[in-house]
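Enquirer: What follows is work-v6.cif; its format and atoms are mmCIF, N, CA and C atoms.
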```cif
data_final
#
loop_
_atom_site.label_atom_id
_atom_site.label_comp_id
_atom_site.auth_asym_id
_atom_site.auth_seq_id
_atom_site.Cartn_x
_atom_site.Cartn_y
_atom_site.Cartn_z
N MET A 1 -56.54 -24.36 -112.07
CA MET A 1 -57.87 -24.91 -112.28
C MET A 1 -57.94 -26.36 -111.81
N SER A 2 -56.90 -27.14 -112.12
CA SER A 2 -56.92 -28.55 -111.73
C SER A 2 -56.82 -28.70 -110.21
N VAL A 3 -56.14 -27.75 -109.54
CA VAL A 3 -56.05 -27.80 -108.08
C VAL A 3 -57.44 -27.56 -107.48
N LEU A 4 -58.18 -26.62 -108.04
CA LEU A 4 -59.53 -26.36 -107.54
C LEU A 4 -60.44 -27.58 -107.73
N LEU A 5 -60.27 -28.27 -108.85
CA LEU A 5 -61.04 -29.49 -109.08
C LEU A 5 -60.69 -30.56 -108.06
N LEU A 6 -59.40 -30.70 -107.73
CA LEU A 6 -58.99 -31.67 -106.71
C LEU A 6 -59.55 -31.31 -105.34
N VAL A 7 -59.52 -30.03 -104.99
CA VAL A 7 -60.09 -29.58 -103.71
C VAL A 7 -61.58 -29.92 -103.66
N LEU A 8 -62.29 -29.69 -104.75
CA LEU A 8 -63.71 -30.01 -104.82
C LEU A 8 -63.95 -31.51 -104.66
N LEU A 9 -63.17 -32.31 -105.38
CA LEU A 9 -63.35 -33.77 -105.30
C LEU A 9 -63.01 -34.32 -103.93
N ILE A 10 -62.02 -33.76 -103.28
CA ILE A 10 -61.64 -34.25 -101.95
C ILE A 10 -62.69 -33.89 -100.91
N ASN A 11 -63.23 -32.68 -100.98
CA ASN A 11 -64.11 -32.18 -99.92
C ASN A 11 -65.60 -32.39 -100.17
N LEU A 12 -65.98 -32.73 -101.39
CA LEU A 12 -67.41 -32.88 -101.70
C LEU A 12 -68.13 -33.91 -100.84
N PRO A 13 -67.57 -35.10 -100.58
CA PRO A 13 -68.31 -36.05 -99.74
C PRO A 13 -68.61 -35.54 -98.33
N ILE A 14 -67.64 -34.89 -97.71
CA ILE A 14 -67.85 -34.36 -96.36
C ILE A 14 -68.88 -33.24 -96.37
N VAL A 15 -68.79 -32.35 -97.34
CA VAL A 15 -69.73 -31.23 -97.44
C VAL A 15 -71.14 -31.75 -97.70
N HIS A 16 -71.27 -32.70 -98.62
CA HIS A 16 -72.60 -33.24 -98.94
C HIS A 16 -73.19 -33.98 -97.73
N GLY A 17 -72.38 -34.77 -97.05
CA GLY A 17 -72.87 -35.48 -95.87
C GLY A 17 -73.32 -34.54 -94.76
N SER A 18 -72.56 -33.49 -94.55
CA SER A 18 -72.94 -32.49 -93.53
C SER A 18 -74.22 -31.77 -93.90
N TRP A 19 -74.34 -31.45 -95.18
CA TRP A 19 -75.55 -30.77 -95.65
C TRP A 19 -76.78 -31.68 -95.48
N MET A 20 -76.65 -32.96 -95.82
CA MET A 20 -77.78 -33.88 -95.68
C MET A 20 -78.14 -34.08 -94.21
N ARG A 21 -77.14 -34.18 -93.32
CA ARG A 21 -77.44 -34.31 -91.88
C ARG A 21 -78.17 -33.07 -91.38
N TRP A 22 -77.76 -31.89 -91.85
CA TRP A 22 -78.44 -30.66 -91.45
C TRP A 22 -79.89 -30.67 -91.94
N ARG A 23 -80.10 -31.12 -93.18
CA ARG A 23 -81.46 -31.18 -93.71
C ARG A 23 -82.32 -32.17 -92.93
N VAL A 24 -81.75 -33.31 -92.55
CA VAL A 24 -82.50 -34.30 -91.76
C VAL A 24 -82.87 -33.70 -90.41
N GLU A 25 -81.92 -33.02 -89.76
CA GLU A 25 -82.21 -32.41 -88.46
C GLU A 25 -83.28 -31.33 -88.58
N ARG A 26 -83.23 -30.55 -89.66
CA ARG A 26 -84.14 -29.42 -89.81
C ARG A 26 -85.51 -29.82 -90.34
N SER A 27 -85.54 -30.68 -91.36
CA SER A 27 -86.79 -30.98 -92.05
C SER A 27 -87.22 -32.44 -91.97
N GLY A 28 -86.52 -33.23 -91.20
CA GLY A 28 -86.84 -34.65 -91.13
C GLY A 28 -88.09 -34.94 -90.33
N HIS A 29 -88.65 -36.11 -90.58
CA HIS A 29 -89.82 -36.59 -89.84
C HIS A 29 -89.40 -37.73 -88.93
N ASP A 30 -89.90 -37.71 -87.70
CA ASP A 30 -89.63 -38.80 -86.77
C ASP A 30 -90.59 -39.94 -87.05
N VAL A 31 -90.06 -41.14 -87.26
CA VAL A 31 -90.87 -42.32 -87.50
C VAL A 31 -90.35 -43.46 -86.63
N THR A 32 -91.22 -44.39 -86.39
CA THR A 32 -90.85 -45.63 -85.71
C THR A 32 -90.93 -46.73 -86.74
N ALA A 33 -89.79 -47.32 -87.05
CA ALA A 33 -89.71 -48.35 -88.08
C ALA A 33 -89.54 -49.71 -87.44
N PRO A 34 -90.11 -50.75 -88.05
CA PRO A 34 -89.92 -52.09 -87.50
C PRO A 34 -88.49 -52.57 -87.67
N LEU A 35 -88.00 -53.24 -86.65
CA LEU A 35 -86.66 -53.83 -86.68
C LEU A 35 -86.71 -55.09 -87.52
N VAL A 36 -85.82 -55.20 -88.51
CA VAL A 36 -85.80 -56.39 -89.37
C VAL A 36 -84.54 -57.21 -89.18
N GLY A 37 -83.59 -56.70 -88.42
CA GLY A 37 -82.37 -57.45 -88.15
C GLY A 37 -81.51 -56.74 -87.14
N HIS A 38 -80.66 -57.50 -86.47
CA HIS A 38 -79.72 -56.93 -85.51
C HIS A 38 -78.55 -57.87 -85.37
N ASP A 39 -77.38 -57.30 -85.05
CA ASP A 39 -76.18 -58.12 -84.93
C ASP A 39 -75.15 -57.38 -84.09
N VAL A 40 -74.30 -58.17 -83.43
CA VAL A 40 -73.18 -57.63 -82.68
C VAL A 40 -71.92 -58.11 -83.39
N LEU A 41 -71.11 -57.16 -83.84
CA LEU A 41 -69.89 -57.48 -84.56
C LEU A 41 -68.69 -56.97 -83.78
N GLY A 42 -67.51 -57.39 -84.19
CA GLY A 42 -66.29 -56.94 -83.52
C GLY A 42 -65.86 -57.93 -82.45
N SER A 43 -64.88 -57.52 -81.68
CA SER A 43 -64.34 -58.39 -80.63
C SER A 43 -65.15 -58.25 -79.35
N ARG A 44 -64.89 -59.15 -78.41
CA ARG A 44 -65.58 -59.07 -77.12
C ARG A 44 -65.18 -57.81 -76.36
N ASP A 45 -63.94 -57.36 -76.56
CA ASP A 45 -63.46 -56.17 -75.87
C ASP A 45 -64.03 -54.88 -76.45
N ASP A 46 -64.35 -54.91 -77.74
CA ASP A 46 -64.84 -53.70 -78.42
C ASP A 46 -65.98 -54.07 -79.38
N PRO A 47 -67.14 -54.43 -78.84
CA PRO A 47 -68.25 -54.82 -79.72
C PRO A 47 -68.89 -53.62 -80.41
N GLU A 48 -69.43 -53.89 -81.60
CA GLU A 48 -70.17 -52.89 -82.35
C GLU A 48 -71.59 -53.42 -82.55
N TYR A 49 -72.58 -52.59 -82.26
CA TYR A 49 -73.98 -53.00 -82.28
C TYR A 49 -74.66 -52.42 -83.51
N TYR A 50 -75.29 -53.28 -84.29
CA TYR A 50 -75.96 -52.87 -85.52
C TYR A 50 -77.42 -53.29 -85.49
N VAL A 51 -78.25 -52.40 -86.01
CA VAL A 51 -79.66 -52.71 -86.21
C VAL A 51 -80.00 -52.43 -87.68
N ALA A 52 -81.02 -53.12 -88.17
CA ALA A 52 -81.52 -52.87 -89.52
C ALA A 52 -83.03 -52.68 -89.41
N PHE A 53 -83.54 -51.74 -90.17
CA PHE A 53 -84.97 -51.42 -90.10
C PHE A 53 -85.51 -51.23 -91.50
N ARG A 54 -86.82 -51.19 -91.58
CA ARG A 54 -87.50 -50.99 -92.87
C ARG A 54 -88.59 -49.95 -92.66
N TYR A 55 -88.61 -48.95 -93.55
CA TYR A 55 -89.64 -47.93 -93.49
C TYR A 55 -90.97 -48.48 -93.98
N THR A 56 -92.02 -47.70 -93.74
CA THR A 56 -93.31 -48.02 -94.35
C THR A 56 -93.24 -47.66 -95.83
N LYS A 57 -94.20 -48.12 -96.60
CA LYS A 57 -94.17 -47.90 -98.06
C LYS A 57 -94.24 -46.43 -98.45
N ASP A 58 -94.83 -45.57 -97.62
CA ASP A 58 -94.90 -44.16 -97.98
C ASP A 58 -93.54 -43.46 -97.90
N PHE A 59 -92.61 -43.97 -97.10
CA PHE A 59 -91.25 -43.41 -97.05
C PHE A 59 -90.30 -44.12 -98.00
N ASP A 60 -90.47 -45.42 -98.20
CA ASP A 60 -89.58 -46.19 -99.08
C ASP A 60 -90.40 -47.23 -99.83
N PRO A 61 -90.83 -46.92 -101.05
CA PRO A 61 -91.62 -47.88 -101.82
C PRO A 61 -90.87 -49.17 -102.13
N ASP A 62 -89.54 -49.12 -102.18
CA ASP A 62 -88.75 -50.32 -102.49
C ASP A 62 -88.64 -51.28 -101.30
N GLN A 63 -88.96 -50.79 -100.10
CA GLN A 63 -88.93 -51.60 -98.88
C GLN A 63 -87.56 -52.23 -98.63
N ARG A 64 -86.51 -51.44 -98.76
CA ARG A 64 -85.16 -51.91 -98.47
C ARG A 64 -84.91 -51.92 -96.97
N ALA A 65 -83.94 -52.72 -96.54
CA ALA A 65 -83.51 -52.73 -95.15
C ALA A 65 -82.36 -51.72 -95.00
N TRP A 66 -82.45 -50.85 -94.01
CA TRP A 66 -81.46 -49.80 -93.80
C TRP A 66 -80.71 -50.08 -92.50
N PRO A 67 -79.37 -50.11 -92.54
CA PRO A 67 -78.59 -50.42 -91.33
C PRO A 67 -78.14 -49.16 -90.58
N ALA A 68 -77.83 -49.35 -89.30
CA ALA A 68 -77.26 -48.28 -88.50
C ALA A 68 -76.48 -48.88 -87.34
N GLN A 69 -75.35 -48.27 -87.02
CA GLN A 69 -74.59 -48.67 -85.85
C GLN A 69 -75.08 -47.82 -84.69
N VAL A 70 -75.41 -48.47 -83.57
CA VAL A 70 -75.96 -47.78 -82.41
C VAL A 70 -75.18 -48.16 -81.16
N ASP A 71 -75.42 -47.42 -80.08
CA ASP A 71 -74.78 -47.76 -78.81
C ASP A 71 -75.49 -48.94 -78.15
N LYS A 72 -74.90 -49.50 -77.12
CA LYS A 72 -75.44 -50.71 -76.50
C LYS A 72 -76.82 -50.49 -75.89
N ALA A 73 -77.03 -49.38 -75.21
CA ALA A 73 -78.33 -49.12 -74.58
C ALA A 73 -79.43 -49.04 -75.63
N THR A 74 -79.18 -48.33 -76.72
CA THR A 74 -80.17 -48.23 -77.80
C THR A 74 -80.39 -49.58 -78.46
N TYR A 75 -79.33 -50.35 -78.64
CA TYR A 75 -79.44 -51.69 -79.24
C TYR A 75 -80.35 -52.56 -78.38
N ASP A 76 -80.13 -52.56 -77.08
CA ASP A 76 -80.96 -53.38 -76.18
C ASP A 76 -82.42 -52.94 -76.22
N GLU A 77 -82.66 -51.62 -76.23
CA GLU A 77 -84.04 -51.11 -76.29
C GLU A 77 -84.71 -51.47 -77.60
N ASP A 78 -83.99 -51.31 -78.71
CA ASP A 78 -84.56 -51.61 -80.03
C ASP A 78 -84.87 -53.09 -80.19
N VAL A 79 -83.98 -53.94 -79.72
CA VAL A 79 -84.22 -55.38 -79.83
C VAL A 79 -85.40 -55.79 -78.97
N ALA A 80 -85.52 -55.23 -77.77
CA ALA A 80 -86.64 -55.57 -76.89
C ALA A 80 -87.97 -55.07 -77.47
N ALA A 81 -87.98 -53.87 -78.04
CA ALA A 81 -89.22 -53.29 -78.57
C ALA A 81 -89.50 -53.75 -80.00
N ARG A 82 -88.50 -54.30 -80.68
CA ARG A 82 -88.60 -54.72 -82.09
C ARG A 82 -88.93 -53.54 -83.01
N THR A 83 -88.54 -52.32 -82.58
CA THR A 83 -88.71 -51.11 -83.40
C THR A 83 -87.46 -50.24 -83.28
N VAL A 84 -87.31 -49.32 -84.24
CA VAL A 84 -86.19 -48.39 -84.27
C VAL A 84 -86.76 -46.98 -84.47
N ASP A 85 -86.33 -46.04 -83.65
CA ASP A 85 -86.74 -44.64 -83.80
C ASP A 85 -85.79 -43.97 -84.79
N VAL A 86 -86.37 -43.46 -85.89
CA VAL A 86 -85.59 -42.92 -86.99
C VAL A 86 -86.11 -41.52 -87.34
N ARG A 87 -85.19 -40.64 -87.72
CA ARG A 87 -85.55 -39.34 -88.28
C ARG A 87 -85.12 -39.39 -89.74
N VAL A 88 -86.10 -39.25 -90.64
CA VAL A 88 -85.84 -39.43 -92.08
C VAL A 88 -86.30 -38.19 -92.84
N LEU A 89 -85.58 -37.90 -93.92
CA LEU A 89 -85.94 -36.81 -94.80
C LEU A 89 -86.95 -37.33 -95.82
N PRO A 90 -88.16 -36.78 -95.87
CA PRO A 90 -89.15 -37.27 -96.82
C PRO A 90 -88.66 -37.20 -98.26
N GLY A 91 -88.88 -38.28 -98.99
CA GLY A 91 -88.45 -38.36 -100.37
C GLY A 91 -87.01 -38.83 -100.54
N HIS A 92 -86.28 -38.93 -99.45
CA HIS A 92 -84.88 -39.38 -99.48
C HIS A 92 -84.67 -40.42 -98.38
N PRO A 93 -85.07 -41.66 -98.59
CA PRO A 93 -84.97 -42.65 -97.51
C PRO A 93 -83.54 -42.93 -97.06
N ALA A 94 -82.54 -42.64 -97.88
CA ALA A 94 -81.15 -42.86 -97.48
C ALA A 94 -80.64 -41.77 -96.55
N ALA A 95 -81.38 -40.68 -96.41
CA ALA A 95 -81.00 -39.59 -95.52
C ALA A 95 -81.75 -39.76 -94.20
N TYR A 96 -81.07 -40.37 -93.24
CA TYR A 96 -81.71 -40.65 -91.95
C TYR A 96 -80.70 -40.63 -90.83
N THR A 97 -81.20 -40.45 -89.62
CA THR A 97 -80.41 -40.65 -88.42
C THR A 97 -81.25 -41.50 -87.48
N VAL A 98 -80.58 -42.34 -86.73
CA VAL A 98 -81.24 -43.25 -85.79
C VAL A 98 -80.92 -42.77 -84.39
N ASP A 99 -81.90 -42.84 -83.49
CA ASP A 99 -81.63 -42.49 -82.10
C ASP A 99 -80.54 -43.40 -81.56
N GLY A 100 -79.53 -42.81 -80.93
CA GLY A 100 -78.43 -43.58 -80.38
C GLY A 100 -77.39 -44.01 -81.41
N GLN A 101 -77.45 -43.43 -82.60
CA GLN A 101 -76.52 -43.82 -83.66
C GLN A 101 -75.09 -43.43 -83.30
N VAL A 102 -74.15 -44.32 -83.61
CA VAL A 102 -72.73 -44.09 -83.39
C VAL A 102 -72.11 -43.69 -84.72
N THR A 103 -71.42 -42.56 -84.72
CA THR A 103 -70.76 -42.11 -85.94
C THR A 103 -69.26 -42.02 -85.68
N GLY A 104 -68.49 -42.23 -86.71
CA GLY A 104 -67.04 -42.16 -86.60
C GLY A 104 -66.50 -40.94 -87.31
N SER A 105 -65.23 -40.68 -87.09
CA SER A 105 -64.61 -39.51 -87.71
C SER A 105 -63.56 -39.91 -88.74
N LEU A 106 -63.57 -41.14 -89.20
CA LEU A 106 -62.58 -41.61 -90.16
C LEU A 106 -62.65 -40.82 -91.47
N GLY A 107 -63.85 -40.55 -91.96
CA GLY A 107 -63.99 -39.79 -93.20
C GLY A 107 -63.42 -38.39 -93.08
N LEU A 108 -63.64 -37.75 -91.95
CA LEU A 108 -63.09 -36.41 -91.73
C LEU A 108 -61.57 -36.45 -91.66
N VAL A 109 -61.02 -37.44 -90.98
CA VAL A 109 -59.56 -37.56 -90.87
C VAL A 109 -58.94 -37.78 -92.25
N ILE A 110 -59.52 -38.67 -93.04
CA ILE A 110 -59.00 -38.94 -94.38
C ILE A 110 -59.06 -37.68 -95.24
N THR A 111 -60.15 -36.94 -95.15
CA THR A 111 -60.30 -35.70 -95.92
C THR A 111 -59.26 -34.67 -95.51
N LEU A 112 -59.04 -34.51 -94.22
CA LEU A 112 -58.05 -33.54 -93.75
C LEU A 112 -56.63 -33.93 -94.16
N VAL A 113 -56.31 -35.22 -94.11
CA VAL A 113 -54.99 -35.68 -94.55
C VAL A 113 -54.82 -35.43 -96.05
N ALA A 114 -55.85 -35.71 -96.84
CA ALA A 114 -55.77 -35.45 -98.28
C ALA A 114 -55.64 -33.97 -98.57
N ASP A 115 -56.36 -33.12 -97.84
CA ASP A 115 -56.23 -31.67 -98.01
C ASP A 115 -54.81 -31.21 -97.66
N LEU A 116 -54.26 -31.75 -96.60
CA LEU A 116 -52.91 -31.39 -96.19
C LEU A 116 -51.89 -31.83 -97.24
N ALA A 117 -52.04 -33.05 -97.76
CA ALA A 117 -51.13 -33.54 -98.79
C ALA A 117 -51.21 -32.68 -100.05
N LEU A 118 -52.41 -32.28 -100.43
CA LEU A 118 -52.57 -31.41 -101.59
C LEU A 118 -51.94 -30.05 -101.35
N ALA A 119 -52.11 -29.50 -100.15
CA ALA A 119 -51.51 -28.21 -99.84
C ALA A 119 -49.98 -28.29 -99.88
N VAL A 120 -49.41 -29.38 -99.38
CA VAL A 120 -47.95 -29.54 -99.43
C VAL A 120 -47.48 -29.64 -100.88
N MET A 121 -48.21 -30.39 -101.71
CA MET A 121 -47.81 -30.50 -103.13
C MET A 121 -47.89 -29.15 -103.83
N VAL A 122 -48.92 -28.37 -103.56
CA VAL A 122 -49.04 -27.05 -104.18
C VAL A 122 -47.92 -26.13 -103.71
N LEU A 123 -47.61 -26.15 -102.41
CA LEU A 123 -46.51 -25.32 -101.90
C LEU A 123 -45.17 -25.72 -102.49
N LEU A 124 -44.92 -27.01 -102.61
CA LEU A 124 -43.67 -27.47 -103.21
C LEU A 124 -43.59 -27.08 -104.69
N ALA A 125 -44.68 -27.21 -105.41
CA ALA A 125 -44.70 -26.83 -106.82
C ALA A 125 -44.48 -25.33 -106.98
N TRP A 126 -45.06 -24.54 -106.10
CA TRP A 126 -44.88 -23.09 -106.16
C TRP A 126 -43.45 -22.70 -105.81
N ARG A 127 -42.89 -23.37 -104.79
CA ARG A 127 -41.54 -23.05 -104.32
C ARG A 127 -40.49 -23.39 -105.39
N PHE A 128 -40.64 -24.49 -106.06
CA PHE A 128 -39.65 -24.94 -107.03
C PHE A 128 -40.13 -24.79 -108.48
N ARG A 129 -41.03 -23.86 -108.74
CA ARG A 129 -41.63 -23.73 -110.06
C ARG A 129 -40.63 -23.40 -111.16
N GLY A 130 -39.63 -22.60 -110.87
CA GLY A 130 -38.66 -22.22 -111.90
C GLY A 130 -37.59 -23.28 -112.10
N LYS A 131 -37.33 -24.06 -111.08
CA LYS A 131 -36.24 -25.04 -111.15
C LYS A 131 -36.68 -26.35 -111.78
N LEU A 132 -37.96 -26.55 -111.90
CA LEU A 132 -38.45 -27.80 -112.46
C LEU A 132 -38.52 -27.77 -113.99
N ARG A 133 -38.59 -26.56 -114.56
CA ARG A 133 -38.67 -26.44 -116.01
C ARG A 133 -37.28 -26.32 -116.61
N PRO A 134 -36.99 -27.06 -117.65
CA PRO A 134 -35.68 -26.89 -118.28
C PRO A 134 -35.63 -25.56 -119.03
N GLN A 135 -34.47 -24.94 -119.01
CA GLN A 135 -34.31 -23.68 -119.71
C GLN A 135 -33.86 -23.95 -121.15
N LEU A 136 -34.44 -23.21 -122.07
CA LEU A 136 -34.06 -23.34 -123.47
C LEU A 136 -32.94 -22.37 -123.77
N ARG A 137 -31.93 -22.83 -124.52
CA ARG A 137 -30.82 -21.98 -124.90
C ARG A 137 -30.69 -21.98 -126.42
N ALA A 138 -30.48 -20.83 -126.94
CA ALA A 138 -30.24 -20.72 -128.37
C ALA A 138 -28.74 -20.86 -128.60
N VAL A 139 -28.38 -21.78 -129.42
CA VAL A 139 -26.96 -22.03 -129.71
C VAL A 139 -26.72 -21.80 -131.18
N ALA A 140 -25.71 -20.99 -131.50
CA ALA A 140 -25.37 -20.73 -132.91
C ALA A 140 -24.58 -21.91 -133.47
N ILE A 141 -24.91 -22.27 -134.66
CA ILE A 141 -24.21 -23.38 -135.30
C ILE A 141 -23.21 -22.84 -136.29
#
```
Now that the file is in, can you turn its structure into structure tokens?

Expert:
Amino acid sequence: MSVLLLVLLINLPIVHGSWMRWRVERSGHDVTAPLVGHDVLGSRDDPEYYVAFRYTKDFDPDQRAWPAQVDKATYDEDVAARTVDVRVLPGHPAAYTVDGQVTGSLGLVITLVADLALAVMVLLAWRFRGKLRPQLRAVAI
């Protein structure tokens, strides 16, 4: 039972993120949001381009700024137009994708390594299950 709980805890973030991306692709609305900030981070050899946008009040009543990492061409277009093209899930302003968004695979790699480590621990525990427990002996006094 505890192994199943660990599997659930390890894989839940990836599963939830994939499900939300699918929902955004399927049921999201395309909006043009005003650009509220932009920045280039990282080294000169490997720059990372970030934009920040704000939805209209009907999508986000709190009027928070939402960030996204984008490619250079999209960054240049967004900065010139002072707008960002976003696909957002109505009622869930944190569920969005930006045109030209750059995504990484670090979360997937970490999840797969954790799954592999858990599988190795389960196999080792199964393989040595009898040798790890001390045997009780009845001794006559």

Enquirer: For the file shown, what are the residues hit by the PyMOL selection byres (((chain A and resi 34 and name CA) around 8) and name CA), laid out as a list in words?

Expert: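 That selection, the PyMOL selection byres (((chain A and resi 34 and name CA) around 8) and name CA), comes back as Thr32, Ala33, Leu35, Val36, Phe53, Arg54, Tyr55, Arg82, Thr83 and Val84 of chain A.
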
Enquirer: Need to verify the contact set: stretch 41-45 of chain A, 12 Å, only C-alpha atoms, exclusion of same-chain residues closer than 3 positions in sequence. Can you return it as a PDB file with N, CA and C atoms, in the frame of the given file?

Expert:
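The result, written out as result01.pdb:
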```pdb
ATOM      1  N   HIS A  38     -80.660 -57.500 -86.470  1.00  0.00           N
ATOM      2  CA  HIS A  38     -79.720 -56.930 -85.510  1.00  0.00           C
ATOM      3  C   HIS A  38     -78.550 -57.870 -85.370  1.00  0.00           C
ATOM      4  N   GLU A  48     -69.430 -53.890 -81.600  1.00  0.00           N
ATOM      5  CA  GLU A  48     -70.170 -52.890 -82.350  1.00  0.00           C
ATOM      6  C   GLU A  48     -71.590 -53.420 -82.550  1.00  0.00           C
ATOM      7  N   TYR A  49     -72.580 -52.590 -82.260  1.00  0.00           N
ATOM      8  CA  TYR A  49     -73.980 -53.000 -82.280  1.00  0.00           C
ATOM      9  C   TYR A  49     -74.660 -52.420 -83.510  1.00  0.00           C
ATOM     10  N   TYR A  50     -75.290 -53.280 -84.290  1.00  0.00           N
ATOM     11  CA  TYR A  50     -75.960 -52.870 -85.520  1.00  0.00           C
ATOM     12  C   TYR A  50     -77.420 -53.290 -85.490  1.00  0.00           C
ATOM     13  N   VAL A  51     -78.250 -52.400 -86.010  1.00  0.00           N
ATOM     14  CA  VAL A  51     -79.660 -52.710 -86.210  1.00  0.00           C
ATOM     15  C   VAL A  51     -80.000 -52.430 -87.680  1.00  0.00           C
ATOM     16  N   GLN A  69     -75.350 -48.270 -87.020  1.00  0.00           N
ATOM     17  CA  GLN A  69     -74.590 -48.670 -85.850  1.00  0.00           C
ATOM     18  C   GLN A  69     -75.080 -47.820 -84.690  1.00  0.00           C
ATOM     19  N   VAL A  70     -75.410 -48.470 -83.570  1.00  0.00           N
ATOM     20  CA  VAL A  70     -75.960 -47.780 -82.410  1.00  0.00           C
ATOM     21  C   VAL A  70     -75.180 -48.160 -81.160  1.00  0.00           C
ATOM     22  N   LYS A  72     -74.900 -49.500 -77.120  1.00  0.00           N
ATOM     23  CA  LYS A  72     -75.440 -50.710 -76.500  1.00  0.00           C
ATOM     24  C   LYS A  72     -76.820 -50.490 -75.890  1.00  0.00           C
TER      25      LYS A  72
END
```

Enquirer: Of the candidates A:Asp115, A:Val120, A:Ser27, A:Ala68, which one gets nearest to A:Gly100 if we count only C-alpha atoms?

Expert: A:Ala68

Enquirer: For a test of reading the model, state the distance in Å between atom CA of A:Trp19 and atom CA of A:Asp99, rounded to one decimal.

Expert: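 These two atoms are separated by 18.9 Å.
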
Enquirer: Hey, can you check how far atom CA of A:Ala80 sits from atom CA of A:Trp66?

Expert: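 Straight-line distance from atom CA of A:Ala80 to atom CA of A:Trp66 works out to 18.6 Å.
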
Enquirer: Mind checking which residues fall within 10 Å of A:His92, counting only C-alpha atoms, ignoring those fewer than 3 positions away in the same chain, and posting them as a list of chain:residue names?

Expert: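 Here the qualifying residues turn out to be A:Met20, A:Val24, A:Gly28, A:Phe59, A:Asp60, A:Val88, A:Leu89, A:Ala95, A:Tyr96.
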
Enquirer: Identify which of the residues A:Val86, A:Ala65, A:Ala114, A:Val7 lies closest to A:Val31, counting only N, CA and C atoms when measuring atom-to-atom distances.

Expert: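 For A:Val31, the nearest of the candidates is A:Val86.
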
Enquirer: Which of these, A:Val122, A:Leu5, A:Ala138, A:Leu12, has the shortest distance to A:Leu108 once you count only C-alpha atoms?

Expert: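 Closest to A:Leu108, using only C-alpha atoms: A:Leu12.
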
Enquirer: Please report the interatomic distance between atom CA of A:Trp126 and atom CA of A:Val3 in Å with one decimal.

Expert: 12.3 Å

Enquirer: Going by DSSP on the backbone, which residues of chain A come out as alpha helix (DSSP H)? List them as a PyMOL selection string.

Expert: chain A and resi 2-27+72-81+106-127

Enquirer: Give the answer as one residue: which of A:Leu4, A:Ile10, A:Leu124, A:Ala52 has the shortest atom-to-atom distance to A:Val98, using only C-alpha atoms?

Expert: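 Checking each of A:Leu4, A:Ile10, A:Leu124, A:Ala52 against A:Val98, counting only C-alpha atoms, the winner is A:Ala52.
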
Enquirer: If the PyMOL selection byres (((chain A and resi 111 and name CA) around 12) and name CA) is run on the structure shown, which residues does it catch, given as a tab-separated table (two decimals) with N, CA and C atoms, in the frame of the given file?

Expert:
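This is the output file result.tsv:
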```tsv
chain	number	residue	atom	x	y	z
A	6	LEU	N	-59.40	-30.70	-107.73
A	6	LEU	CA	-58.99	-31.67	-106.71
A	6	LEU	C	-59.55	-31.31	-105.34
A	7	VAL	N	-59.52	-30.03	-104.99
A	7	VAL	CA	-60.09	-29.58	-103.71
A	7	VAL	C	-61.58	-29.92	-103.66
A	8	LEU	N	-62.29	-29.69	-104.75
A	8	LEU	CA	-63.71	-30.01	-104.82
A	8	LEU	C	-63.95	-31.51	-104.66
A	9	LEU	N	-63.17	-32.31	-105.38
A	9	LEU	CA	-63.35	-33.77	-105.30
A	9	LEU	C	-63.01	-34.32	-103.93
A	10	ILE	N	-62.02	-33.76	-103.28
A	10	ILE	CA	-61.64	-34.25	-101.95
A	10	ILE	C	-62.69	-33.89	-100.91
A	11	ASN	N	-63.23	-32.68	-100.98
A	11	ASN	CA	-64.11	-32.18	-99.92
A	11	ASN	C	-65.60	-32.39	-100.17
A	12	LEU	N	-65.98	-32.73	-101.39
A	12	LEU	CA	-67.41	-32.88	-101.70
A	12	LEU	C	-68.13	-33.91	-100.84
A	13	PRO	N	-67.57	-35.10	-100.58
A	13	PRO	CA	-68.31	-36.05	-99.74
A	13	PRO	C	-68.61	-35.54	-98.33
A	14	ILE	N	-67.64	-34.89	-97.71
A	14	ILE	CA	-67.85	-34.36	-96.36
A	14	ILE	C	-68.88	-33.24	-96.37
A	15	VAL	N	-68.79	-32.35	-97.34
A	15	VAL	CA	-69.73	-31.23	-97.44
A	15	VAL	C	-71.14	-31.75	-97.70
A	105	SER	N	-65.23	-40.68	-87.09
A	105	SER	CA	-64.61	-39.51	-87.71
A	105	SER	C	-63.56	-39.91	-88.74
A	106	LEU	N	-63.57	-41.14	-89.20
A	106	LEU	CA	-62.58	-41.61	-90.16
A	106	LEU	C	-62.65	-40.82	-91.47
A	107	GLY	N	-63.85	-40.55	-91.96
A	107	GLY	CA	-63.99	-39.79	-93.20
A	107	GLY	C	-63.42	-38.39	-93.08
A	108	LEU	N	-63.64	-37.75	-91.95
A	108	LEU	CA	-63.09	-36.41	-91.73
A	108	LEU	C	-61.57	-36.45	-91.66
A	109	VAL	N	-61.02	-37.44	-90.98
A	109	VAL	CA	-59.56	-37.56	-90.87
A	109	VAL	C	-58.94	-37.78	-92.25
A	110	ILE	N	-59.52	-38.67	-93.04
A	110	ILE	CA	-59.00	-38.94	-94.38
A	110	ILE	C	-59.06	-37.68	-95.24
A	112	LEU	N	-59.04	-34.51	-94.22
A	112	LEU	CA	-58.05	-33.54	-93.75
A	112	LEU	C	-56.63	-33.93	-94.16
A	113	VAL	N	-56.31	-35.22	-94.11
A	113	VAL	CA	-54.99	-35.68	-94.55
A	113	VAL	C	-54.82	-35.43	-96.05
A	114	ALA	N	-55.85	-35.71	-96.84
A	114	ALA	CA	-55.77	-35.45	-98.28
A	114	ALA	C	-55.64	-33.97	-98.57
A	115	ASP	N	-56.36	-33.12	-97.84
A	115	ASP	CA	-56.23	-31.67	-98.01
A	115	ASP	C	-54.81	-31.21	-97.66
A	116	LEU	N	-54.26	-31.75	-96.60
A	116	LEU	CA	-52.91	-31.39	-96.19
A	116	LEU	C	-51.89	-31.83	-97.24
A	117	ALA	N	-52.04	-33.05	-97.76
A	117	ALA	CA	-51.13	-33.54	-98.79
A	117	ALA	C	-51.21	-32.68	-100.05
A	118	LEU	N	-52.41	-32.28	-100.43
A	118	LEU	CA	-52.57	-31.41	-101.59
A	118	LEU	C	-51.94	-30.05	-101.35
```
